[in-house]
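What follows is input14.txt (compact mmCIF, C-alpha atoms).
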# COMPACT_ATOMS: atom_id res chain seq x y z
CA MET A 18 111.30 203.22 205.59
CA SER A 19 112.71 199.83 204.74
CA GLU A 20 111.19 198.23 201.70
CA GLU A 21 109.83 194.74 202.16
CA VAL A 22 109.48 192.82 198.92
CA VAL A 23 108.20 189.25 198.77
CA VAL A 24 107.55 187.24 195.59
CA LEU A 25 105.32 184.17 195.54
CA ASP A 26 106.86 182.17 192.73
CA PHE A 27 107.18 178.80 190.98
CA TRP A 28 110.58 178.07 189.47
CA PRO A 29 109.57 177.06 185.87
CA SER A 30 107.05 179.90 185.46
CA PRO A 31 108.09 182.38 182.73
CA PHE A 32 105.82 184.91 184.45
CA GLY A 33 107.74 184.48 187.71
CA MET A 34 111.00 184.86 185.79
CA ARG A 35 109.89 188.28 184.56
CA MET A 36 109.61 189.37 188.20
CA ARG A 37 113.04 188.00 189.08
CA ILE A 38 114.72 189.78 186.15
CA ALA A 39 112.98 193.12 186.80
CA LEU A 40 113.86 193.09 190.52
CA ALA A 41 117.46 192.08 189.74
CA GLU A 42 117.79 194.86 187.15
CA LYS A 43 116.71 197.34 189.83
CA GLY A 44 118.99 195.79 192.45
CA ILE A 45 116.08 195.11 194.82
CA LYS A 46 116.56 192.58 197.60
CA TYR A 47 113.52 190.36 198.05
CA GLU A 48 112.31 187.18 199.67
CA SER A 49 111.17 184.48 197.30
CA LYS A 50 108.61 181.92 198.45
CA GLU A 51 108.21 178.86 196.28
CA GLU A 52 104.59 177.73 195.88
CA ASP A 53 103.40 174.16 195.46
CA LEU A 54 100.72 174.75 192.83
CA ARG A 55 98.92 171.53 193.77
CA ASN A 56 98.64 172.85 197.31
CA LYS A 57 98.51 176.64 197.24
CA SER A 58 99.47 178.51 200.40
CA ASP A 59 96.98 180.56 202.43
CA LEU A 60 99.15 183.58 201.66
CA LEU A 61 98.75 183.09 197.90
CA LEU A 62 94.99 182.62 198.18
CA GLN A 63 94.75 185.70 200.39
CA MET A 64 97.00 187.90 198.20
CA ASN A 65 95.51 186.83 194.85
CA PRO A 66 91.96 185.71 195.60
CA ILE A 67 90.68 186.49 192.10
CA HIS A 68 93.06 184.40 189.99
CA GLN A 69 94.88 182.37 192.69
CA LYS A 70 97.99 182.35 190.49
CA ILE A 71 101.67 183.10 190.78
CA PRO A 72 103.64 185.27 190.60
CA VAL A 73 102.40 187.63 193.29
CA LEU A 74 104.54 190.61 194.22
CA ILE A 75 103.97 191.74 197.80
CA HIS A 76 105.42 195.21 198.44
CA ASN A 77 105.25 196.33 202.07
CA GLY A 78 102.39 193.90 202.58
CA LYS A 79 100.35 195.04 199.56
CA PRO A 80 99.87 192.61 196.65
CA VAL A 81 100.36 193.32 192.96
CA CYS A 82 99.20 190.61 190.54
CA GLU A 83 99.66 189.82 186.82
CA SER A 84 103.25 189.85 185.57
CA LEU A 85 102.99 192.68 183.01
CA ILE A 86 101.39 194.88 185.67
CA GLN A 87 104.06 193.83 188.18
CA VAL A 88 106.95 194.70 185.84
CA GLN A 89 105.41 198.12 185.12
CA TYR A 90 104.89 198.69 188.86
CA ILE A 91 108.52 197.77 189.65
CA ASP A 92 109.68 200.07 186.84
CA GLU A 93 107.62 202.98 188.19
CA VAL A 94 108.48 202.56 191.89
CA TRP A 95 112.23 202.13 191.24
CA ARG A 96 112.38 204.39 188.21
CA HIS A 97 115.83 205.80 188.93
CA LYS A 98 117.70 202.56 188.21
CA SER A 99 117.76 200.73 184.85
CA PRO A 100 114.48 202.06 183.41
CA LEU A 101 112.67 199.32 181.49
CA LEU A 102 109.93 201.29 179.72
CA PRO A 103 110.96 204.23 177.51
CA SER A 104 110.01 207.73 178.69
CA ASP A 105 108.37 208.75 175.39
CA PRO A 106 104.62 207.87 175.40
CA TYR A 107 104.63 206.59 171.79
CA GLN A 108 107.65 204.32 172.40
CA ARG A 109 105.94 203.10 175.59
CA ALA A 110 102.83 202.22 173.60
CA ILE A 111 104.96 200.26 171.09
CA ALA A 112 106.68 198.38 173.93
CA ARG A 113 103.30 197.57 175.53
CA PHE A 114 101.98 196.39 172.16
CA TRP A 115 104.80 193.86 171.75
CA ALA A 116 104.53 192.70 175.37
CA ASP A 117 100.82 192.13 174.74
CA PHE A 118 101.71 190.25 171.52
CA VAL A 119 104.08 187.97 173.47
CA ASP A 120 101.31 187.23 175.97
CA LYS A 121 98.74 186.56 173.23
CA LYS A 122 101.03 184.05 171.50
CA MET A 123 103.77 182.43 173.60
CA PRO A 124 101.88 180.79 176.50
CA ASP A 125 99.13 179.25 174.39
CA LEU A 126 101.28 178.16 171.43
CA GLY A 127 104.06 176.89 173.69
CA ARG A 128 101.61 174.76 175.64
CA LYS A 129 100.17 173.33 172.41
CA ILE A 130 103.67 172.39 171.23
CA TRP A 131 104.46 170.28 174.31
CA ALA A 132 100.95 169.06 175.12
CA THR A 133 99.47 168.12 171.74
CA LYS A 134 100.25 165.98 168.70
CA GLY A 135 99.42 165.73 165.02
CA GLU A 136 97.73 168.60 163.24
CA GLU A 137 97.15 170.70 166.37
CA GLN A 138 100.84 170.56 167.24
CA ALA A 139 101.91 171.22 163.64
CA ASN A 140 99.71 174.32 163.46
CA ALA A 141 101.03 175.55 166.80
CA LYS A 142 104.65 175.11 165.66
CA LYS A 143 103.95 177.02 162.45
CA GLU A 144 102.28 179.92 164.27
CA PHE A 145 104.98 179.89 166.96
CA ILE A 146 107.75 180.34 164.38
CA GLU A 147 105.71 183.00 162.55
CA SER A 148 105.31 184.91 165.84
CA LEU A 149 109.04 184.69 166.60
CA LYS A 150 109.80 185.98 163.09
CA LEU A 151 107.53 188.98 163.71
CA LEU A 152 109.42 189.62 166.94
CA GLU A 153 112.72 189.37 165.02
CA GLY A 154 111.33 192.04 162.69
CA GLU A 155 110.60 194.32 165.64
CA LEU A 156 114.08 193.70 167.10
CA GLY A 157 115.73 194.66 163.82
CA ASP A 158 119.42 195.48 164.22
CA LYS A 159 119.12 196.55 167.86
CA PRO A 160 121.00 194.49 170.45
CA TYR A 161 117.87 194.45 172.65
CA PHE A 162 114.20 195.29 172.15
CA GLY A 163 114.90 198.13 174.58
CA GLY A 164 117.70 199.46 172.34
CA GLU A 165 121.18 199.56 173.83
CA ASN A 166 119.96 198.18 177.14
CA LEU A 167 117.54 195.53 178.36
CA GLY A 168 114.00 196.87 178.23
CA TYR A 169 110.40 195.94 178.97
CA VAL A 170 109.91 193.64 175.96
CA ASP A 171 113.23 191.85 176.63
CA VAL A 172 112.14 191.14 180.23
CA VAL A 173 108.71 189.96 179.05
CA LEU A 174 109.97 187.66 176.28
CA VAL A 175 113.31 186.16 177.38
CA PRO A 176 111.83 183.86 180.08
CA PHE A 177 110.20 181.78 177.33
CA TYR A 178 113.70 181.02 176.02
CA SER A 179 114.17 178.69 179.00
CA TRP A 180 111.33 176.58 177.54
CA PHE A 181 112.68 176.47 173.97
CA TYR A 182 114.66 173.25 174.47
CA ALA A 183 111.50 171.55 175.79
CA TYR A 184 109.48 172.85 172.80
CA GLU A 185 112.17 171.64 170.38
CA LYS A 186 112.30 168.15 171.89
CA CYS A 187 108.51 167.79 172.09
CA GLY A 188 107.92 169.34 168.69
CA ASP A 189 110.93 167.80 166.94
CA PHE A 190 112.14 171.02 165.36
CA SER A 191 114.95 173.55 165.69
CA ILE A 192 113.98 177.07 166.68
CA GLU A 193 117.52 178.36 165.99
CA ALA A 194 117.37 177.10 162.39
CA GLU A 195 114.21 179.15 161.79
CA CYS A 196 114.95 182.19 163.95
CA PRO A 197 118.71 182.61 164.38
CA LYS A 198 118.45 186.34 165.16
CA LEU A 199 116.10 185.70 168.04
CA ILE A 200 118.32 182.98 169.51
CA ALA A 201 121.31 185.33 169.20
CA TRP A 202 119.28 187.97 171.08
CA ALA A 203 118.35 185.48 173.83
CA LYS A 204 121.99 184.45 174.30
CA ARG A 205 122.95 188.13 174.46
CA CYS A 206 120.36 188.62 177.24
CA LEU A 207 121.76 185.63 179.12
CA GLU A 208 125.12 187.42 179.31
CA MET A 209 123.39 189.79 181.75
CA GLU A 210 123.49 188.53 185.32
CA SER A 211 119.92 189.65 185.99
CA VAL A 212 118.76 187.24 183.27
CA SER A 213 121.18 184.33 183.78
CA GLU A 214 120.39 184.25 187.52
CA SER A 215 116.63 184.32 186.86
CA LEU A 216 116.20 181.66 184.17
CA PRO A 217 116.34 177.97 185.07
CA ASP A 218 118.42 175.51 183.09
CA GLN A 219 116.64 174.46 179.86
CA GLU A 220 117.22 170.76 180.60
CA LYS A 221 115.59 171.19 184.01
CA VAL A 222 112.54 172.76 182.34
CA TYR A 223 112.41 169.86 179.87
CA GLY A 224 112.46 167.43 182.78
CA PHE A 225 109.55 169.33 184.33
CA VAL A 226 107.61 169.20 181.03
CA LEU A 227 108.14 165.43 180.80
CA GLN A 228 106.80 165.11 184.34
CA MET A 229 103.72 167.16 183.40
CA LYS A 230 103.12 165.06 180.28
CA LYS A 231 103.23 161.93 182.41
CA ALA A 232 100.90 163.44 185.01
CA PHE A 233 98.38 164.47 182.35
CA GLY A 234 98.70 161.20 180.46
CA ILE A 235 100.13 162.84 177.32
CA GLU A 236 102.56 160.79 175.28
CA MET B 12 101.91 225.10 166.22
CA SER B 13 100.46 222.72 163.67
CA LYS B 14 97.07 221.19 164.34
CA VAL B 15 97.05 217.84 166.12
CA GLU B 16 95.61 215.20 163.86
CA LEU B 17 93.70 212.38 165.54
CA VAL B 18 91.96 209.70 163.51
CA ILE B 19 90.28 206.57 164.85
CA LEU B 20 89.71 203.61 162.57
CA ASP B 21 86.36 202.68 164.02
CA PHE B 22 83.32 200.43 164.10
CA TRP B 23 80.23 201.76 165.89
CA ALA B 24 79.36 198.56 167.78
CA SER B 25 82.91 197.77 168.92
CA PRO B 26 83.29 198.31 172.69
CA PHE B 27 87.05 198.54 172.12
CA CYS B 28 86.64 201.50 169.73
CA MET B 29 84.26 203.14 172.23
CA ARG B 30 87.03 203.09 174.87
CA ALA B 31 89.35 205.15 172.68
CA LYS B 32 86.63 207.64 171.72
CA ILE B 33 85.49 208.15 175.33
CA ALA B 34 89.10 208.74 176.46
CA LEU B 35 89.63 211.35 173.73
CA LYS B 36 86.37 213.12 174.61
CA GLU B 37 87.29 213.10 178.32
CA LYS B 38 90.49 214.96 177.37
CA GLY B 39 88.49 217.44 175.28
CA LEU B 40 90.21 216.35 172.06
CA GLN B 41 88.73 216.54 168.57
CA TYR B 42 89.13 213.50 166.37
CA GLU B 43 87.88 212.02 163.11
CA ALA B 44 86.24 208.61 163.34
CA ARG B 45 86.54 206.64 160.09
CA THR B 46 84.19 203.69 159.89
CA GLU B 47 85.70 200.42 158.77
CA ASP B 48 83.62 197.88 156.88
CA LEU B 49 84.62 194.84 158.92
CA PHE B 50 82.37 192.52 156.91
CA GLY B 51 82.82 193.92 153.41
CA GLY B 52 86.54 194.61 153.36
CA LYS B 53 89.00 196.31 155.65
CA SER B 54 90.68 199.46 154.32
CA ASP B 55 94.27 199.53 153.10
CA LEU B 56 94.94 202.07 155.85
CA LEU B 57 93.77 199.64 158.53
CA LEU B 58 95.79 196.75 157.12
CA LYS B 59 98.87 198.98 156.86
CA SER B 60 98.41 200.53 160.33
CA ASN B 61 97.71 197.29 162.16
CA PRO B 62 99.36 194.56 160.08
CA ILE B 63 99.75 192.17 163.06
CA HIS B 64 96.12 191.96 164.20
CA GLU B 65 94.23 193.79 161.40
CA LYS B 66 91.68 194.97 163.97
CA VAL B 67 89.95 198.15 165.09
CA PRO B 68 90.45 200.40 166.92
CA VAL B 69 93.56 201.99 165.55
CA LEU B 70 94.39 205.50 166.74
CA LEU B 71 96.44 207.50 164.28
CA HIS B 72 98.17 210.42 166.02
CA ASN B 73 99.73 212.65 163.37
CA GLY B 74 99.86 209.56 161.16
CA LYS B 75 101.54 207.29 163.73
CA PRO B 76 99.45 204.20 164.52
CA LEU B 77 98.58 202.87 167.97
CA CYS B 78 96.79 199.55 168.43
CA GLU B 79 95.00 197.64 171.23
CA SER B 80 92.34 199.63 173.08
CA THR B 81 93.83 199.51 176.60
CA ILE B 82 97.23 200.57 175.25
CA ILE B 83 95.52 203.39 173.29
CA VAL B 84 93.73 204.67 176.44
CA ASN B 85 97.04 204.55 178.37
CA TYR B 86 98.73 206.50 175.55
CA ILE B 87 95.99 209.15 175.51
CA ASP B 88 96.31 209.55 179.28
CA GLU B 89 100.11 209.88 179.16
CA THR B 90 100.20 212.25 176.16
CA TRP B 91 97.42 214.57 177.45
CA PRO B 92 97.76 214.30 181.24
CA SER B 93 94.83 216.53 182.14
CA PRO B 94 92.35 215.52 183.46
CA PRO B 95 94.12 212.32 184.63
CA LEU B 96 92.42 208.97 184.00
CA LEU B 97 94.83 206.86 186.06
CA PRO B 98 95.54 207.52 189.76
CA PRO B 99 98.79 209.39 190.60
CA CYS B 100 100.40 206.72 192.78
CA SER B 101 102.05 203.57 191.43
CA TYR B 102 100.03 201.19 193.61
CA GLY B 103 96.75 202.82 192.57
CA ARG B 104 97.78 202.48 188.94
CA ALA B 105 98.66 198.79 189.42
CA GLN B 106 95.20 198.22 190.95
CA ALA B 107 93.50 200.06 188.06
CA ARG B 108 95.47 198.01 185.51
CA PHE B 109 94.56 194.81 187.38
CA TRP B 110 90.83 195.51 187.08
CA ALA B 111 91.16 196.61 183.44
CA ASP B 112 92.95 193.30 182.79
CA TYR B 113 90.24 191.35 184.70
CA ILE B 114 87.53 193.04 182.62
CA ASP B 115 89.44 192.24 179.43
CA LYS B 116 89.96 188.61 180.40
CA LYS B 117 86.41 187.94 181.56
CA VAL B 118 83.55 190.21 180.46
CA PHE B 119 83.73 190.01 176.66
CA ASP B 120 84.03 186.20 176.58
CA ALA B 121 81.25 185.82 179.15
CA CYS B 122 78.95 187.91 176.92
CA ASP B 123 80.05 185.88 173.88
CA ASN B 124 79.17 182.60 175.60
CA ILE B 125 75.59 183.83 175.98
CA TRP B 126 74.82 185.68 172.76
CA ARG B 127 76.58 183.13 170.54
CA SER B 128 74.75 180.12 171.95
CA LYS B 129 72.30 178.21 169.78
CA GLY B 130 68.91 177.81 171.40
CA GLU B 131 68.77 178.50 175.12
CA ALA B 132 71.86 180.02 176.70
CA PRO B 133 73.72 177.52 178.91
CA VAL B 134 73.02 177.89 182.65
CA GLU B 135 76.76 177.82 183.38
CA ALA B 136 77.41 180.74 181.01
CA LYS B 137 74.69 182.84 182.67
CA ARG B 138 75.96 181.98 186.15
CA GLU B 139 79.51 182.94 185.21
CA PHE B 140 78.41 186.24 183.67
CA ILE B 141 76.58 187.28 186.86
CA GLU B 142 79.49 186.10 189.03
CA ILE B 143 81.88 188.33 187.08
CA LEU B 144 79.60 191.37 187.50
CA LYS B 145 79.30 190.61 191.24
CA GLN B 146 83.12 190.52 191.43
CA LEU B 147 83.20 193.95 189.79
CA GLU B 148 80.53 195.18 192.25
CA ASP B 149 82.88 194.09 195.04
CA ALA B 150 85.74 196.04 193.50
CA LEU B 151 83.50 199.10 193.12
CA GLY B 152 82.35 198.91 196.76
CA ASP B 153 80.68 202.12 197.89
CA LYS B 154 82.57 204.29 195.42
CA ASP B 155 80.82 206.22 192.65
CA PHE B 156 83.37 205.05 190.13
CA PHE B 157 86.07 202.38 190.11
CA GLY B 158 88.81 204.95 190.73
CA GLY B 159 86.90 206.74 193.50
CA ASN B 160 85.00 210.01 193.16
CA THR B 161 85.97 210.65 189.57
CA PHE B 162 85.34 208.81 186.32
CA GLY B 163 88.57 207.18 185.17
CA PHE B 164 90.54 204.43 183.49
CA VAL B 165 88.66 201.35 184.71
CA ASP B 166 85.28 202.98 184.09
CA ILE B 167 86.35 203.75 180.50
CA ILE B 168 87.53 200.15 179.98
CA ALA B 169 84.29 198.70 181.38
CA ILE B 170 81.37 200.93 180.34
CA PRO B 171 81.46 200.22 176.55
CA LEU B 172 81.03 196.48 177.13
CA THR B 173 77.75 197.21 178.92
CA SER B 174 76.19 198.39 175.63
CA TRP B 175 76.05 194.68 174.75
CA PHE B 176 74.29 193.73 178.00
CA TYR B 177 70.77 194.35 176.70
CA ALA B 178 71.45 191.80 173.94
CA VAL B 179 72.84 189.40 176.56
CA GLU B 180 69.74 189.95 178.74
CA LYS B 181 67.32 189.30 175.86
CA LEU B 182 69.14 186.23 174.59
CA GLY B 183 70.06 184.93 178.03
CA GLY B 184 66.77 185.57 179.81
CA LEU B 185 68.34 187.50 182.68
CA LYS B 186 68.28 191.04 184.04
CA VAL B 187 71.48 192.74 185.20
CA GLU B 188 69.56 195.27 187.33
CA ASP B 189 67.87 192.49 189.35
CA GLU B 190 71.03 190.46 189.87
CA CYS B 191 73.57 193.27 190.28
CA PRO B 192 71.80 196.51 191.29
CA LYS B 193 75.03 198.25 192.35
CA PHE B 194 76.64 197.53 189.00
CA SER B 195 73.50 198.71 187.24
CA ALA B 196 73.59 201.96 189.23
CA TRP B 197 77.24 202.49 188.25
CA MET B 198 76.27 201.93 184.57
CA LYS B 199 73.57 204.63 184.81
CA ARG B 200 76.02 207.00 186.54
CA CYS B 201 78.56 206.60 183.72
CA LEU B 202 75.93 206.96 180.98
CA LYS B 203 75.09 210.43 182.37
CA ARG B 204 78.55 211.65 181.39
CA GLU B 205 78.65 213.51 178.07
CA SER B 206 81.65 211.55 176.73
CA VAL B 207 79.91 208.24 177.38
CA ALA B 208 76.42 209.34 176.26
CA LYS B 209 77.83 210.61 172.95
CA VAL B 210 79.90 207.49 172.22
CA VAL B 211 78.04 204.45 173.56
CA PRO B 212 75.28 203.40 171.13
CA ASP B 213 71.67 202.63 172.02
CA PRO B 214 71.65 199.05 173.41
CA GLU B 215 68.56 198.31 171.27
CA LYS B 216 70.62 199.09 168.18
CA VAL B 217 73.38 196.78 169.44
CA TYR B 218 70.77 194.06 170.03
CA GLU B 219 69.60 194.37 166.39
CA PHE B 220 73.22 194.15 165.27
CA VAL B 221 73.76 191.01 167.41
CA LEU B 222 70.66 189.37 165.87
CA MET B 223 71.98 190.15 162.39
CA PHE B 224 75.42 188.86 163.36
CA ARG B 225 73.87 185.61 164.69
CA LYS B 226 72.12 185.09 161.34
CA MET B 227 75.41 185.73 159.55
CA LEU B 228 77.19 183.18 161.73
CA GLY B 229 74.44 180.66 161.08
CA ILE B 230 73.35 180.52 164.72
CA ASP B 231 69.82 181.65 163.84

Once you've parsed the file, please lay out its structure as structure tokens.
Amino acid sequence: MSEEVVVLDFWPSPFGMRMRIALAEKGIKYESKEEDLRNKSDLLLQMNPIHQKIPVLIHNGKPVCESLIQVQYIDEVWRHKSPLLPSDPYQRAIARFWADFVDKKMPDLGRKIWATKGEEQANAKKEFIESLKLLEGELGDKPYFGGENLGYVDVVLVPFYSWFYAYEKCGDFSIEAECPKLIAWAKRCLEMESVSESLPDQEKVYGFVLQMKKAFGIE
Amino acid sequence: MSKVELVILDFWASPFCMRAKIALKEKGLQYEARTEDLFGGKSDLLLKSNPIHEKVPVLLHNGKPLCESTIIVNYIDETWPSPPLLPPCSYGRAQARFWADYIDKKVFDACDNIWRSKGEAPVEAKREFIEILKQLEDALGDKDFFGGNTFGFVDIIAIPLTSWFYAVEKLGGLKVEDECPKFSAWMKRCLKRESVAKVVPDPEKVYEFVLMFRKMLGID
């Protein structure tokens, strides 16, 4: 049976990027449909009626929603190629813990860095750096969070790297100065085609952020 | 073979701790529950085992810590596969994880918005709470449990939160049974199971705890 894979996506979304990387790692051909989030398609509303958000993975007509769930699904269905989660249950639990940590911290703190000012922004920057330092601790001396190869946590975290330039410009700080190990890790990931083909240019993301600031009336 | 050591760093009223305990009981596993004093002072063991979040539950399996209740339940299911809590097929598992994630994103905060409110609970908070339960009723459909005929992953994630519903009903002036009879029936079905009945506390006790907590927070 031929596999039909469609992804409803939005180019700057780190959650969409996770999908792109995972599918590329597995060598899966898919059709990508770009959504206009101000005018969501009937297909999106039909496939994700609860949250009405992207990305949506549609596999042989059946939808899978929420990026962490989607990456795990892709890993299970196409297990034979480039496994992302470890096979040992304890190591899997550790990987899930750090993916959950990324989701608890990055989206909210990142948004506060580009969308707020003053004390709120300063606190967000501080907590953002602290979170990255904790991730550096978990990485240790390994080339990737997954060990010798790209793994679940790498796929979950590296998309946010495409937003780092925007955070730095909006927050007037250098992430590399504070977390050089993490930046080295991100650059290492970008040497992989699955990652470099999936992440947009950082300047492009910054341009998008400036557009959003204008649209929301944020200086 | 050496004895398996399972310890849960616990708090009786925490729905998240209840999830882990129910999952262990469903697998027929013995464990020691150590109560943490969340108000007086967390133990060194808790702070060492969960340095990032410093929260319960923590499951210690032969001394190795696992944190975050949904991750703990997944771990228990993968380590002791029988009887299975998650469906066998990948799509079924993705659906189960979706609803567990929905419950995590929505139910706890919706309860919070009612029991933490000063004076009368906001109409919007009550409306949202009922809407969420109706959404879950939809997902349940005509099935006995979220996974189908057997009690499983999503039921374990959801049922502990319902021990706080009596408090929400009293403080919010609403009745879950009247608004969402199907959901109420599912609650009663789950509470008949030994694992659930032994772990989930009396909702009246939870209500007393919530009243005490409100006083502590200066709401009452």

Give one line per residue of chain A that approaches chain B to at most 10 Å, naming the two atoms of the closest pair and their distance in Å to one decimal, counting only C-alpha atoms; sort by chain then ascending residue number and deliver it as CSV.
residue,atom,partner,partner_atom,distance
A:Ile67,CA,B:Gln146,CA,8.6
A:His68,CA,B:Tyr113,CA,9.2
A:His76,CA,B:Tyr102,CA,9.4
A:Lys79,CA,B:Tyr102,CA,8.6
A:Pro80,CA,B:Tyr102,CA,9.1
A:Val81,CA,B:Ala105,CA,6.7
A:Cys82,CA,B:Phe109,CA,7.0
A:Glu83,CA,B:Phe109,CA,7.2
A:Leu85,CA,B:Arg108,CA,9.6
A:Ile86,CA,B:Ala105,CA,6.1
A:Gln87,CA,B:Ala105,CA,7.4
A:Val88,CA,B:Ala105,CA,9.9
A:Gln89,CA,B:Ala105,CA,8.0
A:Tyr90,CA,B:Ser101,CA,6.2
A:Ile91,CA,B:Ser101,CA,8.9
A:Asp92,CA,B:Ser101,CA,9.6
A:Glu93,CA,B:Ser101,CA,6.5
A:Val94,CA,B:Ser101,CA,6.5
A:Asp105,CA,B:Thr90,CA,8.9
A:Pro106,CA,B:Tyr86,CA,6.0
A:Tyr107,CA,B:Tyr86,CA,7.0
A:Gln108,CA,B:Tyr86,CA,9.7
A:Arg109,CA,B:Tyr86,CA,8.0
A:Ala110,CA,B:Ile82,CA,6.1
A:Ile111,CA,B:Leu77,CA,7.6
A:Ala112,CA,B:Ile82,CA,9.8
A:Arg113,CA,B:Ile82,CA,6.8
A:Phe114,CA,B:Ile82,CA,7.0
A:Asp117,CA,B:Glu79,CA,8.7
A:Phe118,CA,B:Ile63,CA,8.9
A:Ser148,CA,B:Ile63,CA,9.6
A:Leu151,CA,B:Ile63,CA,8.4

message = Residues within 10 Å of (114.5, 168.7, 179.8), file coordinates, counting all atoms listed in the file: what are they? Give the list as a PyMOL selection string.
response = chain A and resi 180-184+186-187+218-228

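With atom CA of Leu57 of chain B on one side and atom CA of Leu222 of chain B on the other, the separation reads 26.3 Å.
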
message = So the first atom is atom CA of Glu42 of chain A and the second is atom CA of Glu147 of chain A; what is the distance between them in Å, to one decimal place?
response = 29.9 Å

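Across the structure, atom CA of Gly78 of chain A and atom CA of Gly158 of chain B are spaced 21.1 Å apart.
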
Quick one: everything within 9 Å of Gln41 of chain B, counting all atoms listed in the file, minus sequence neighbours fewer than 3 positions away in the same chain. Send it as a CSV table (one decimal) with C-alpha atoms, keeping the file's coordinate frame.
chain,number,residue,atom,x,y,z
B,15,VAL,CA,97.0,217.8,166.1
B,16,GLU,CA,95.6,215.2,163.9
B,17,LEU,CA,93.7,212.4,165.5
B,35,LEU,CA,89.6,211.4,173.7
B,36,LYS,CA,86.4,213.1,174.6

Because the input lacks atoms here, generate N, CA and C atoms for segment 202-219 of chain A and report them as a short mmCIF file (atom, residue, chain, number, x, y, z; two decimals), in the frame of the given file.
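rebuild.cif was written with the following content:
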data_model
loop_
_atom_site.label_atom_id
_atom_site.label_comp_id
_atom_site.auth_asym_id
_atom_site.auth_seq_id
_atom_site.Cartn_x
_atom_site.Cartn_y
_atom_site.Cartn_z
N TRP A 202 119.76 186.98 170.11
CA TRP A 202 119.28 187.97 171.08
C TRP A 202 119.15 187.34 172.47
N ALA A 203 118.56 186.14 172.54
CA ALA A 203 118.35 185.48 173.83
C ALA A 203 119.69 185.21 174.51
N LYS A 204 120.67 184.75 173.73
CA LYS A 204 121.99 184.45 174.30
C LYS A 204 122.65 185.73 174.80
N ARG A 205 122.42 186.83 174.06
CA ARG A 205 122.95 188.13 174.46
C ARG A 205 122.35 188.53 175.81
N CYS A 206 121.04 188.30 175.97
CA CYS A 206 120.36 188.62 177.24
C CYS A 206 120.95 187.79 178.38
N LEU A 207 121.25 186.53 178.07
CA LEU A 207 121.76 185.63 179.12
C LEU A 207 123.15 186.03 179.60
N GLU A 208 123.82 186.91 178.85
CA GLU A 208 125.12 187.42 179.31
C GLU A 208 124.92 188.39 180.47
N MET A 209 123.68 188.88 180.62
CA MET A 209 123.39 189.79 181.75
C MET A 209 123.08 188.93 182.98
N GLU A 210 123.67 189.32 184.10
CA GLU A 210 123.49 188.53 185.32
C GLU A 210 122.02 188.48 185.75
N SER A 211 121.33 189.60 185.57
CA SER A 211 119.92 189.65 185.99
C SER A 211 119.10 188.57 185.28
N VAL A 212 119.49 188.25 184.04
CA VAL A 212 118.76 187.24 183.27
C VAL A 212 119.29 185.85 183.60
N SER A 213 120.63 185.67 183.57
CA SER A 213 121.18 184.33 183.78
C SER A 213 120.84 183.79 185.17
N GLU A 214 120.72 184.69 186.16
CA GLU A 214 120.39 184.25 187.52
C GLU A 214 118.90 183.95 187.66
N SER A 215 118.10 184.43 186.73
CA SER A 215 116.63 184.32 186.86
C SER A 215 116.03 183.19 186.05
N LEU A 216 116.74 182.72 185.02
CA LEU A 216 116.20 181.66 184.17
C LEU A 216 116.72 180.30 184.61
N PRO A 217 115.86 179.31 184.72
CA PRO A 217 116.34 177.97 185.07
C PRO A 217 117.02 177.32 183.87
N ASP A 218 117.75 176.26 184.14
CA ASP A 218 118.42 175.51 183.09
C ASP A 218 117.37 174.90 182.16
N GLN A 219 117.62 174.95 180.84
CA GLN A 219 116.64 174.46 179.86
C GLN A 219 116.37 172.95 180.02
#
